[in-house]
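*Asks:* Supplied in structure tokens, the structure appears directly below.
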Amino acid sequence: MAKQLPVKPTAHDVEVLAAEHSITDAGTRLLQVLADPATRLLTVKDKCIMADISKDWFYQLTRRDDRFKAAYRELCDATVGQAVLGSIQTIEQAAMTDPQAAIEMLKLSGYYQPTARVEHTHTVEAGSSLLDMYKARQKALD
């Protein structure tokens, strides 16, 4: 049975997995970057910057290093199973109109972009509101 890891493994989880597969320090750093769902949409260049490796080293690890590929496959197997179970539960909640569940789905997929809410108030001293000006304009046109 595959190992169970959280959907977003900690750095310690990744280090343990890397040690089990005897991958290099560079491979461990890359594995940590790839384990974070938020990096899924990043370019190879950005992932390399985050892992502090060159693009050549990235391709060496992902195409030719069997130990790295085995560790990455195990990481994916362990986290995808948990993500699927969590996604099913979250989808069921979101289907029942739970906005927090929908936000969690977006976070899990790496698509969540937090936004800031700005509230604007208009005081009488500031003059006519846009609505008042619109209404006055409509009256003038009639």
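Naming scheme: A, B, ... for chains in displayed order of the structure tokens; residues 1 onward per chain; ligands 1 onward as shown.
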Can you tell me which residues surround range 9-24 of chain A at a distance of at most 12 Å, considering only C-alpha atoms, apart from same-chain residues fewer than 6 positions away, and format the answer as a PyMOL selection string?
*Replies:* chain A and resi 3+30-37+53+57+60-62+65-76+78-80+82-83
*Asks:* Could you give me the residues within range 14-141 of chain A that DSSP places in alpha helix (DSSP H), as an NGL selection string?
*Replies:* :A and (14-20 or 25-35 or 44-51 or 55-59 or 66-95 or 99-109 or 130-141)
*Asks:* Measuring between only C-alpha atoms, which one of A:Glu104, A:Arg63, A:Lys139, A:Ser109 shows the shortest distance to Thr39 in chain A?
*Replies:*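 Of A:Glu104, A:Arg63, A:Lys139, A:Ser109, the one nearest Thr39 in chain A, counting only C-alpha atoms, is A:Ser109.
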*Asks:* Have a look at CA of Met50 in chain A and CA of Lys107 in chain A and let me know their distance in Å, one decimal.
*Replies:* 19.7 Å
